[in-house]
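Structure file upload.txt with compact mmCIF, C-alpha atoms:
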```
# COMPACT_ATOMS: atom_id res chain seq x y z
CA MET H 1 113.85 139.20 39.64
CA ARG H 2 113.98 135.45 39.68
CA THR H 3 116.38 135.53 42.60
CA ALA H 4 114.10 137.89 44.48
CA ILE H 5 111.12 135.59 44.01
CA VAL H 6 113.05 132.61 45.27
CA LEU H 7 114.20 134.62 48.26
CA SER H 8 110.69 135.70 49.15
CA ALA H 9 109.31 132.20 48.91
CA LEU H 10 112.04 130.74 51.03
CA VAL H 11 111.79 133.41 53.69
CA ALA H 12 108.05 132.88 53.85
CA ALA H 13 108.54 129.17 54.24
CA GLY H 14 111.03 129.78 56.99
CA LEU H 15 108.63 132.03 58.90
CA THR H 16 105.85 129.50 58.60
CA ALA H 17 108.06 126.78 60.04
CA GLY H 18 109.00 129.07 62.88
CA ALA H 19 105.37 129.73 63.74
CA ALA H 20 104.67 126.02 63.88
CA THR H 21 107.28 125.46 66.57
CA ALA H 22 106.38 128.54 68.58
CA GLU H 23 103.37 126.72 70.10
CA ALA H 24 104.50 123.15 69.69
CA GLN H 25 102.93 120.32 71.61
CA ASN H 26 104.87 117.49 73.00
CA SER H 27 103.47 114.52 74.89
CA ALA H 28 104.44 111.28 76.53
CA SER H 29 102.40 108.43 77.94
CA ILE H 30 102.65 105.94 80.73
CA GLN H 31 100.39 103.10 81.75
CA ALA H 32 98.16 102.80 84.80
CA THR H 33 98.02 99.16 85.77
CA ALA H 34 96.29 97.02 88.38
CA THR H 35 95.77 93.36 89.01
CA VAL H 36 92.39 92.52 90.46
CA LEU H 37 92.36 89.57 92.81
CA SER H 38 89.37 87.63 93.98
CA ALA H 39 88.33 88.09 97.58
CA LEU H 40 90.42 86.38 100.23
CA THR H 41 88.50 84.29 102.74
CA VAL H 42 89.57 82.42 105.85
CA ALA H 43 87.42 79.77 107.45
CA ALA H 44 87.92 77.84 110.66
CA GLY H 45 88.12 74.09 110.26
CA ASN H 46 88.87 71.62 113.02
CA ASN H 47 89.59 72.75 116.57
CA LEU H 48 93.01 72.00 118.03
CA GLN H 49 92.11 69.19 120.40
CA PHE H 50 94.42 67.80 123.08
CA GLY H 51 91.85 65.50 124.58
CA ASN H 52 92.67 64.24 128.05
CA VAL H 53 95.92 65.44 129.56
CA THR H 54 97.63 64.31 132.71
CA PRO H 55 98.79 66.80 135.36
CA GLY H 56 102.53 67.21 135.23
CA VAL H 57 102.83 65.66 131.75
CA ASN H 58 103.21 67.78 128.65
CA LYS H 59 101.12 66.86 125.65
CA THR H 60 101.87 67.82 122.07
CA ILE H 61 99.62 67.75 119.06
CA ALA H 62 101.80 67.64 115.96
CA ILE H 63 100.49 68.73 112.60
CA THR H 64 100.21 65.10 111.57
CA ASP H 65 98.13 64.17 114.60
CA ALA H 66 94.40 63.68 114.54
CA GLY H 67 93.75 66.58 116.91
CA VAL H 68 95.47 69.18 114.75
CA GLY H 69 93.69 72.48 114.24
CA THR H 70 92.90 73.57 110.71
CA PHE H 71 91.93 76.64 108.75
CA THR H 72 91.17 76.98 105.08
CA VAL H 73 92.05 79.95 102.91
CA THR H 74 90.41 80.71 99.59
CA LYS H 75 92.46 83.07 97.46
CA ALA H 76 93.34 84.14 93.98
CA ALA H 77 95.47 81.85 91.89
CA THR H 78 99.15 82.70 91.59
CA SER H 79 99.05 85.03 94.59
CA GLY H 80 100.73 84.40 97.89
CA VAL H 81 99.30 85.31 101.26
CA THR H 82 100.70 86.19 104.65
CA LEU H 83 99.37 84.04 107.48
CA SER H 84 99.45 85.69 110.89
CA PHE H 85 98.16 84.44 114.21
CA THR H 86 96.87 85.60 117.52
CA LEU H 87 97.85 82.81 119.86
CA PRO H 88 96.93 82.23 123.49
CA THR H 89 99.61 81.57 126.09
CA ASN H 90 97.15 79.76 128.32
CA LEU H 91 93.94 77.82 128.00
CA ALA H 92 91.42 78.72 130.64
CA SER H 93 88.93 76.84 132.74
CA GLY H 94 87.29 79.51 134.78
CA ALA H 95 90.11 81.06 136.78
CA ASP H 96 92.44 78.13 136.17
CA GLN H 97 95.12 78.42 133.49
CA LEU H 98 96.76 75.72 131.39
CA PRO H 99 99.94 76.93 129.66
CA ILE H 100 100.13 76.35 125.92
CA GLY H 101 103.01 77.07 123.57
CA SER H 102 105.59 75.58 121.18
CA TRP H 103 103.27 76.28 118.28
CA THR H 104 103.83 74.49 115.01
CA GLY H 105 102.20 75.04 111.67
CA ALA H 106 102.07 73.90 108.08
CA TRP H 107 100.21 74.94 104.97
CA ASN H 108 99.38 72.98 101.89
CA THR H 109 97.43 73.42 98.69
CA SER H 110 95.52 70.26 99.54
CA ALA H 111 93.79 69.17 102.72
CA THR H 112 96.57 66.78 103.65
CA THR H 113 99.75 67.20 105.65
CA ALA H 114 101.74 65.09 103.20
CA GLY H 115 104.13 67.48 101.50
CA ALA H 116 102.91 70.43 103.57
CA ASN H 117 105.17 73.43 104.16
CA GLY H 118 106.07 73.81 107.79
CA PHE H 119 106.34 77.13 109.60
CA THR H 120 106.11 78.59 113.06
CA PRO H 121 102.84 80.43 113.61
CA SER H 122 103.40 83.98 114.79
CA ALA H 123 101.83 87.38 114.99
CA ALA H 124 104.49 88.66 112.61
CA GLY H 125 103.16 86.44 109.86
CA THR H 126 104.48 83.87 107.42
CA ASN H 127 104.36 84.22 103.67
CA THR H 128 103.19 81.28 101.64
CA SER H 129 104.74 80.81 98.25
CA VAL H 130 102.94 82.08 95.19
CA THR H 131 101.19 78.90 94.25
CA ALA H 132 98.82 78.12 91.46
CA GLY H 133 96.14 76.94 93.79
CA THR H 134 93.13 78.88 94.95
CA SER H 135 92.78 77.06 98.26
CA LEU H 136 95.14 76.49 101.16
CA THR H 137 94.73 74.32 104.22
CA VAL H 138 96.63 75.50 107.28
CA PHE H 139 97.45 73.08 110.09
CA VAL H 140 98.22 74.23 113.66
CA GLY H 141 99.67 72.22 116.50
CA ALA H 142 101.00 73.08 119.96
CA THR H 143 102.01 71.75 123.34
CA VAL H 144 100.13 72.13 126.61
CA SER H 145 102.10 71.94 129.85
CA PRO H 146 99.87 71.13 132.81
CA VAL H 147 101.51 71.52 136.17
CA ALA H 148 101.44 68.68 138.64
CA ALA H 149 98.76 70.45 140.61
CA GLN H 150 96.74 71.38 137.54
CA ALA H 151 93.09 71.70 138.45
CA ALA H 152 90.84 69.28 136.64
CA GLY H 153 88.43 70.73 134.15
CA ASN H 154 87.79 71.63 130.53
CA TYR H 155 90.23 74.22 129.27
CA SER H 156 89.91 76.22 126.10
CA GLY H 157 91.38 79.19 124.32
CA THR H 158 91.02 80.90 120.97
CA VAL H 159 93.44 80.67 118.08
CA THR H 160 92.88 83.31 115.41
CA MET H 161 94.46 83.26 111.99
CA SER H 162 94.43 86.15 109.52
CA ALA H 163 95.43 86.08 105.89
CA VAL H 164 96.30 88.93 103.60
CA TYR H 165 97.73 89.08 100.07
CA PHE H 166 101.34 90.16 99.89
CA MET A 1 133.79 132.23 38.91
CA VAL A 2 133.43 131.09 42.53
CA SER A 3 134.54 127.83 44.02
CA ALA A 4 133.67 126.09 47.27
CA SER A 5 134.90 122.83 48.61
CA SER A 6 133.13 120.30 50.70
CA THR A 7 134.57 117.01 51.96
CA GLY A 8 137.13 117.07 49.26
CA ALA A 9 134.75 117.66 46.36
CA LEU A 10 135.17 120.71 44.25
CA VAL A 11 132.05 122.53 43.18
CA THR A 12 132.10 125.21 40.61
CA ILE A 13 129.18 127.61 40.37
CA PRO A 14 128.67 130.24 37.69
CA ALA A 15 128.75 133.79 39.02
CA ALA A 16 125.18 134.39 37.81
CA ASN A 17 123.89 131.87 40.38
CA LEU A 18 125.81 133.23 43.33
CA MET A 19 122.75 134.69 45.11
CA ARG A 20 120.79 131.43 44.95
CA PHE A 21 123.77 129.47 46.23
CA GLN A 22 124.02 131.70 49.28
CA LEU A 23 120.35 131.30 50.03
CA PHE A 24 120.48 127.55 49.90
CA VAL A 25 123.48 127.54 52.19
CA LEU A 26 121.75 129.88 54.62
CA LEU A 27 118.48 127.96 54.95
CA PRO A 28 119.91 124.70 56.28
CA ALA A 29 121.80 126.74 58.83
CA LEU A 30 118.57 128.34 60.03
CA ALA A 31 116.81 125.01 60.22
CA ALA A 32 119.61 123.52 62.28
CA ALA A 33 119.56 126.32 64.85
CA PRO A 34 117.80 124.96 67.96
CA SER A 35 114.67 126.86 68.90
CA ALA A 36 113.31 127.07 72.44
CA ALA A 37 110.39 124.92 71.34
CA ALA A 38 112.63 122.18 70.09
CA GLN A 39 114.47 122.06 73.39
CA VAL A 40 111.35 121.27 75.43
CA SER A 41 111.02 117.57 75.99
CA ILE A 42 108.85 115.21 77.96
CA THR A 43 109.49 111.60 78.83
CA GLY A 44 107.42 108.93 80.53
CA ILE A 45 109.55 107.53 83.33
CA ARG A 46 107.38 105.19 85.37
CA ASP A 47 103.91 103.62 85.16
CA LEU A 48 101.25 104.26 87.78
CA THR A 49 101.15 100.85 89.39
CA PHE A 50 98.39 99.81 91.76
CA GLY A 51 99.64 96.25 91.99
CA GLN A 52 97.27 93.75 93.49
CA VAL A 53 93.84 95.06 94.40
CA ILE A 54 91.03 93.05 95.87
CA VAL A 55 87.49 92.96 94.60
CA GLY A 56 85.23 95.34 96.45
CA ILE A 57 88.09 97.28 98.07
CA PRO A 58 89.24 100.63 96.63
CA SER A 59 92.98 101.09 96.37
CA SER A 60 94.84 104.39 96.16
CA VAL A 61 98.36 105.38 95.22
CA GLY A 62 99.53 108.85 96.21
CA PRO A 63 101.66 110.96 93.87
CA SER A 64 104.52 110.89 96.38
CA HIS A 65 104.67 107.10 96.50
CA PRO A 66 108.30 106.25 95.78
CA THR A 67 107.68 103.28 93.50
CA LYS A 68 104.00 103.10 92.53
CA SER A 69 103.21 106.65 91.42
CA GLY A 70 103.38 107.47 87.72
CA GLN A 71 106.22 109.74 86.67
CA PHE A 72 107.05 112.02 83.76
CA ARG A 73 110.06 114.28 83.29
CA ILE A 74 109.87 117.61 81.51
CA THR A 75 112.91 119.59 80.51
CA ALA A 76 112.90 123.08 79.07
CA PRO A 77 115.22 126.05 78.76
CA LEU A 78 115.35 128.47 81.63
CA SER A 79 112.35 130.84 81.75
CA SER A 80 110.35 128.76 79.27
CA LYS A 81 106.58 129.18 79.25
CA VAL A 82 104.73 125.90 78.97
CA GLN A 83 101.33 124.50 79.79
CA VAL A 84 100.97 121.00 81.22
CA ARG A 85 97.82 118.96 80.71
CA PHE A 86 96.98 115.37 81.57
CA THR A 87 94.74 113.15 79.49
CA LEU A 88 93.28 110.77 82.04
CA PRO A 89 91.31 107.55 81.68
CA ASP A 90 88.02 106.88 83.45
CA ALA A 91 88.68 103.17 83.66
CA LEU A 92 91.36 100.56 83.13
CA ALA A 93 90.59 97.87 80.60
CA GLY A 94 90.75 94.26 81.66
CA PRO A 95 89.91 90.73 80.61
CA GLY A 96 86.96 90.27 78.32
CA GLY A 97 86.35 93.98 78.06
CA ALA A 98 85.92 94.40 81.82
CA GLN A 99 86.39 97.95 83.11
CA LEU A 100 88.01 98.96 86.38
CA PRO A 101 87.04 102.51 87.36
CA ILE A 102 89.88 104.89 88.13
CA SER A 103 89.55 108.36 89.60
CA PHE A 104 91.90 111.22 90.30
CA GLY A 105 91.62 113.57 93.25
CA SER A 106 92.51 117.24 93.40
CA ASN A 107 95.88 116.46 95.00
CA ASP A 108 96.79 113.45 92.92
CA ALA A 109 99.46 115.21 90.88
CA MET A 110 102.74 116.59 92.11
CA ALA A 111 105.62 118.42 90.47
CA ILE A 112 109.07 119.06 91.76
CA GLY A 113 111.81 121.03 90.07
CA SER A 114 115.36 119.93 89.58
CA ALA A 115 116.87 122.95 91.25
CA PRO A 116 118.34 122.40 94.72
CA GLY A 117 115.80 123.11 97.43
CA SER A 118 112.79 122.81 95.14
CA THR A 119 109.56 122.18 97.03
CA PRO A 120 107.06 119.62 95.74
CA ILE A 121 103.83 121.22 94.55
CA THR A 122 100.64 119.18 94.50
CA PHE A 123 97.96 120.03 92.00
CA ASN A 124 94.79 118.75 90.40
CA PRO A 125 95.69 116.51 87.46
CA LYS A 126 92.35 117.37 85.85
CA ALA A 127 93.39 121.01 85.53
CA THR A 128 96.07 122.54 83.35
CA ARG A 129 99.25 123.73 85.00
CA ASN A 130 101.84 126.29 83.97
CA PRO A 131 105.11 125.41 85.67
CA GLN A 132 107.77 128.08 85.81
CA PHE A 133 111.09 126.93 84.49
CA GLN A 134 112.88 129.28 86.82
CA PRO A 135 115.20 128.36 88.45
CA SER A 136 114.64 124.72 87.48
CA THR A 137 115.07 123.58 83.91
CA ALA A 138 113.57 120.15 84.58
CA TYR A 139 110.48 119.00 86.42
CA ASP A 140 109.44 115.57 87.57
CA VAL A 141 105.67 115.28 87.44
CA PHE A 142 104.11 112.49 89.48
CA ILE A 143 100.57 111.20 89.42
CA GLY A 144 98.54 108.99 91.74
CA GLY A 145 94.93 107.86 91.68
CA THR A 146 92.33 105.48 93.02
CA VAL A 147 90.91 102.35 91.47
CA THR A 148 87.58 101.08 92.71
CA PRO A 149 86.97 97.42 91.90
CA ALA A 150 83.37 96.35 92.20
CA GLY A 151 82.32 93.48 94.39
CA ASN A 152 81.92 91.34 91.31
CA GLN A 153 84.93 92.75 89.47
CA GLN A 154 86.41 90.30 87.01
CA PRO A 155 89.84 89.19 88.34
CA GLY A 156 92.78 89.80 86.05
CA SER A 157 95.17 92.41 84.74
CA TYR A 158 93.92 95.89 83.87
CA ALA A 159 95.65 98.80 82.14
CA ALA A 160 95.01 102.21 80.62
CA THR A 161 97.07 105.04 79.20
CA ILE A 162 97.86 108.32 80.94
CA THR A 163 99.23 111.03 78.69
CA LEU A 164 100.91 114.26 79.70
CA THR A 165 101.01 116.95 77.06
CA ILE A 166 103.07 120.11 77.22
CA THR A 167 102.40 123.10 75.06
CA ASN A 168 105.18 125.64 74.86
CA PHE A 169 104.51 129.20 73.83
```
File written out as structure tokens:
Amino acid sequence: MRTAIVLSALVAAGLTAGAATAEAQNSASIQATATVLSALTVAAGNNLQFGNVTPGVNKTIAITDAGVGTFTVTKAATSGVTLSFTLPTNLASGADQLPIGSWTGAWNTSATTAGANGFTPSAAGTNTSVTAGTSLTVFVGATVSPVAAQAAGNYSGTVTMSAVYF
Amino acid sequence: MVSASSTGALVTIPAANLMRFQLFVLLPALAAAPSAAAQVSITGIRDLTFGQVIVGIPSSVGPSHPTKSGQFRITAPLSSKVQVRFTLPDALAGPGGAQLPISFGSNDAMAIGSAPGSTPITFNPKATRNPQFQPSTAYDVFIGGTVTPAGNQQPGSYAATITLTITNF
């Protein structure tokens, strides 16, 4: 009798355990993550100014020259950006064209060219490093190449810079 | 008089207790036998990663994204019957208690079986799903979503938990 009681109890326990696993739940978790960055802004600064140029004589504005063009970028700290440009191949004065090219650029976390990081402006874009700063100054220089018969006049073109987080 | 040996030890049990001895030997054997339920498993493989998002600009990750979508893996015996259910957050938690809303569209979940030629199936992560473990015995379940930072969203890192629960019958 005692053996029979033990048997019954153990069988019942076994059946109960089996029922528990027949509709078992199992779960796993992952994280959803995001890093929110402050808005990225680009502002035009100084125009790229060649001043007077002489027909037949190329003139270059280096990034350290007074006439260098500038942009400023406000961004999130510790996030790099890609700087890309739409660059003219000519400046225009009415129907007259003044070739421009040999673009040079530099970016810095301060508004000075000392210690700036040089690059070649392009449509393809240039990545800045991931710096701690929240502001970048971008410097742009180029060379104009007036022909000997270049028509006199005021020539201008538009340089556009875009910035995006990478 | 009955004797049994185990790892070199000799145990001697009176004949009157033979029945109880057999029962105790039998029960551990039953417990060790793998049930179908015990063979169903789920593992979190990869976080759902939105990366950098910009204030005021919604950002989405599709379930088929090769690196950013969340991923779980479910394994079960052939012909198993299971139910799959997500527990989804409404927002990610950020700095100073800031909340970043997250939403899930009707096609933001996807499952693909391990069997050769298996076709990905998209489904609504807010609904339960009953995948057929035939012919596959493993499924990768992917999840995407959309975060919608406000224009004045507090910058910083945000996170929340996504749980996938399987119930096997």
- Message: Please check the contacts: residues of chain A at most 8 Å away from chain H, using all atoms listed in the file, listed as an MDAnalysis selection string.
- Response: chainID A and resid 19:20 23 27 35 37:38 40:56 70:72 92 149 153:169
Those residues with C-alpha atoms, as an mmCIF file, in the frame of the given file please?
```
data_model
loop_
_atom_site.group_PDB
_atom_site.id
_atom_site.type_symbol
_atom_site.label_atom_id
_atom_site.label_comp_id
_atom_site.auth_asym_id
_atom_site.auth_seq_id
_atom_site.Cartn_x
_atom_site.Cartn_y
_atom_site.Cartn_z
ATOM 1 C CA MET A 19 122.750 134.690 45.110
ATOM 2 C CA ARG A 20 120.790 131.430 44.950
ATOM 3 C CA LEU A 23 120.350 131.300 50.030
ATOM 4 C CA LEU A 27 118.480 127.960 54.950
ATOM 5 C CA SER A 35 114.670 126.860 68.900
ATOM 6 C CA ALA A 37 110.390 124.920 71.340
ATOM 7 C CA ALA A 38 112.630 122.180 70.090
ATOM 8 C CA VAL A 40 111.350 121.270 75.430
ATOM 9 C CA SER A 41 111.020 117.570 75.990
ATOM 10 C CA ILE A 42 108.850 115.210 77.960
ATOM 11 C CA THR A 43 109.490 111.600 78.830
ATOM 12 C CA GLY A 44 107.420 108.930 80.530
ATOM 13 C CA ILE A 45 109.550 107.530 83.330
ATOM 14 C CA ARG A 46 107.380 105.190 85.370
ATOM 15 C CA ASP A 47 103.910 103.620 85.160
ATOM 16 C CA LEU A 48 101.250 104.260 87.780
ATOM 17 C CA THR A 49 101.150 100.850 89.390
ATOM 18 C CA PHE A 50 98.390 99.810 91.760
ATOM 19 C CA GLY A 51 99.640 96.250 91.990
ATOM 20 C CA GLN A 52 97.270 93.750 93.490
ATOM 21 C CA VAL A 53 93.840 95.060 94.400
ATOM 22 C CA ILE A 54 91.030 93.050 95.870
ATOM 23 C CA VAL A 55 87.490 92.960 94.600
ATOM 24 C CA GLY A 56 85.230 95.340 96.450
ATOM 25 C CA GLY A 70 103.380 107.470 87.720
ATOM 26 C CA GLN A 71 106.220 109.740 86.670
ATOM 27 C CA PHE A 72 107.050 112.020 83.760
ATOM 28 C CA LEU A 92 91.360 100.560 83.130
ATOM 29 C CA PRO A 149 86.970 97.420 91.900
ATOM 30 C CA GLN A 153 84.930 92.750 89.470
ATOM 31 C CA GLN A 154 86.410 90.300 87.010
ATOM 32 C CA PRO A 155 89.840 89.190 88.340
ATOM 33 C CA GLY A 156 92.780 89.800 86.050
ATOM 34 C CA SER A 157 95.170 92.410 84.740
ATOM 35 C CA TYR A 158 93.920 95.890 83.870
ATOM 36 C CA ALA A 159 95.650 98.800 82.140
ATOM 37 C CA ALA A 160 95.010 102.210 80.620
ATOM 38 C CA THR A 161 97.070 105.040 79.200
ATOM 39 C CA ILE A 162 97.860 108.320 80.940
ATOM 40 C CA THR A 163 99.230 111.030 78.690
ATOM 41 C CA LEU A 164 100.910 114.260 79.700
ATOM 42 C CA THR A 165 101.010 116.950 77.060
ATOM 43 C CA ILE A 166 103.070 120.110 77.220
ATOM 44 C CA THR A 167 102.400 123.100 75.060
ATOM 45 C CA ASN A 168 105.180 125.640 74.860
ATOM 46 C CA PHE A 169 104.510 129.200 73.830
#
```
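Atom CA of Val141 of chain A is found 23.9 Å from atom CA of Pro58 of chain A.
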- Message: Env of segment 109-112 of chain A: 12 Å cut, atoms = all atoms listed in the file, seq-sep filter 5 positions within chain, self excluded. Answer as a ChimeraX atom specification.
- Response: /A:48,61-65,69-75,84-86,88,104,117-145,164
Which centre and which edge lengths, in Å to one decimal, describe the axis-aligned box that holds all listed atoms of segment 52-68 of chain A after 3 Å is added on each side, as lines of an AutoDock Vina configuration file?
```
center_x = 96.8
center_y = 102.0
center_z = 95.3
size_x = 29.1
size_y = 24.0
size_z = 11.5
```
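Interatomic distance, atom CA of Pro55 of chain H against atom CA of Ala149 of chain H: 6.4 Å.
Taking atom CA of Gly113 of chain A and atom CA of Val82 of chain A as the two end points, the separation is 14.0 Å.
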- Item | Closest of H:Pro146, H:Pro121, H:Pro88, H:Pro99 to Ile63 of chain H - atom-to-atom distances counting only C-alpha atoms | H:Pro121
- Query: Residues at most 9 Å from Gly51 of chain H, counting only C-alpha atoms, excluding those fewer than 2 positions away in the same chain, as a PyMOL selection string?
  - Reply: chain H and resi 49+53+67
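For the set H:Thr78, H:Asn52, H:Thr128, H:Asn90, the residue with the smallest atom-to-atom gap to Gly153 of chain H is H:Asn52, counting all atoms listed in the file.
Omitting Gly118 of chain H and its sequence neighbours fewer than 4 positions away, and counting only C-alpha atoms, the residues within 12 Å are Ala62, Ile63, Thr64, Trp103, Thr104, Gly105, Ala106, Trp107, Asn108, Thr113, Ala114, Thr126, Asn127, Thr128, Ser129, Thr137, Val138, Phe139, Val140 and Gly141 of chain H.
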Atoms kept (C-alpha atoms) for selection, written as a PDB file, in the frame of the given file:
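So the final result, stored in selection.pdb, reads:
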```pdb
ATOM      1  CA  ALA H  62     101.800  67.640 115.960  1.00  0.00           C
ATOM      2  CA  ILE H  63     100.490  68.730 112.600  1.00  0.00           C
ATOM      3  CA  THR H  64     100.210  65.100 111.570  1.00  0.00           C
ATOM      4  CA  TRP H 103     103.270  76.280 118.280  1.00  0.00           C
ATOM      5  CA  THR H 104     103.830  74.490 115.010  1.00  0.00           C
ATOM      6  CA  GLY H 105     102.200  75.040 111.670  1.00  0.00           C
ATOM      7  CA  ALA H 106     102.070  73.900 108.080  1.00  0.00           C
ATOM      8  CA  TRP H 107     100.210  74.940 104.970  1.00  0.00           C
ATOM      9  CA  ASN H 108      99.380  72.980 101.890  1.00  0.00           C
ATOM     10  CA  THR H 113      99.750  67.200 105.650  1.00  0.00           C
ATOM     11  CA  ALA H 114     101.740  65.090 103.200  1.00  0.00           C
ATOM     12  CA  THR H 126     104.480  83.870 107.420  1.00  0.00           C
ATOM     13  CA  ASN H 127     104.360  84.220 103.670  1.00  0.00           C
ATOM     14  CA  THR H 128     103.190  81.280 101.640  1.00  0.00           C
ATOM     15  CA  SER H 129     104.740  80.810  98.250  1.00  0.00           C
ATOM     16  CA  THR H 137      94.730  74.320 104.220  1.00  0.00           C
ATOM     17  CA  VAL H 138      96.630  75.500 107.280  1.00  0.00           C
ATOM     18  CA  PHE H 139      97.450  73.080 110.090  1.00  0.00           C
ATOM     19  CA  VAL H 140      98.220  74.230 113.660  1.00  0.00           C
ATOM     20  CA  GLY H 141      99.670  72.220 116.500  1.00  0.00           C
TER      21      GLY H 141
END
```
- Non-local contacts of Phe85 of chain H (7 Å; all atoms listed in the file; under 2 positions in same chain excluded) as an MDAnalysis selection string: chainID H and resid 83 87 121:123 125 160:162
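Residue nearest Val42 of chain H within the list H:Ala111, H:Val130, H:Ala116, H:Val81: H:Val81 [criterion: smallest interatomic distance, only C-alpha atoms].
Ranking H:Val164, H:Ala142, H:Leu91, H:Ala151 by their shortest atom-to-atom distance to Lys75 of chain H, with all atoms listed in the file included, puts H:Val164 first.
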- For Asn46 of chain H, list every protein, DNA or RNA residue within 8 Å, evaluated using only C-alpha atoms, and leave out those in the same chain fewer than 5 positions away; present the list as a PyMOL selection string. chain H and resi 68-71
Mind writing the picked residues with C-alpha atoms as a short mmCIF file (atom, residue, chain, number, x, y, z; two decimals), keeping the file's coordinate frame?
```cif
data_model
loop_
_atom_site.label_atom_id
_atom_site.label_comp_id
_atom_site.auth_asym_id
_atom_site.auth_seq_id
_atom_site.Cartn_x
_atom_site.Cartn_y
_atom_site.Cartn_z
CA VAL H 68 95.47 69.18 114.75
CA GLY H 69 93.69 72.48 114.24
CA THR H 70 92.90 73.57 110.71
CA PHE H 71 91.93 76.64 108.75
#
```
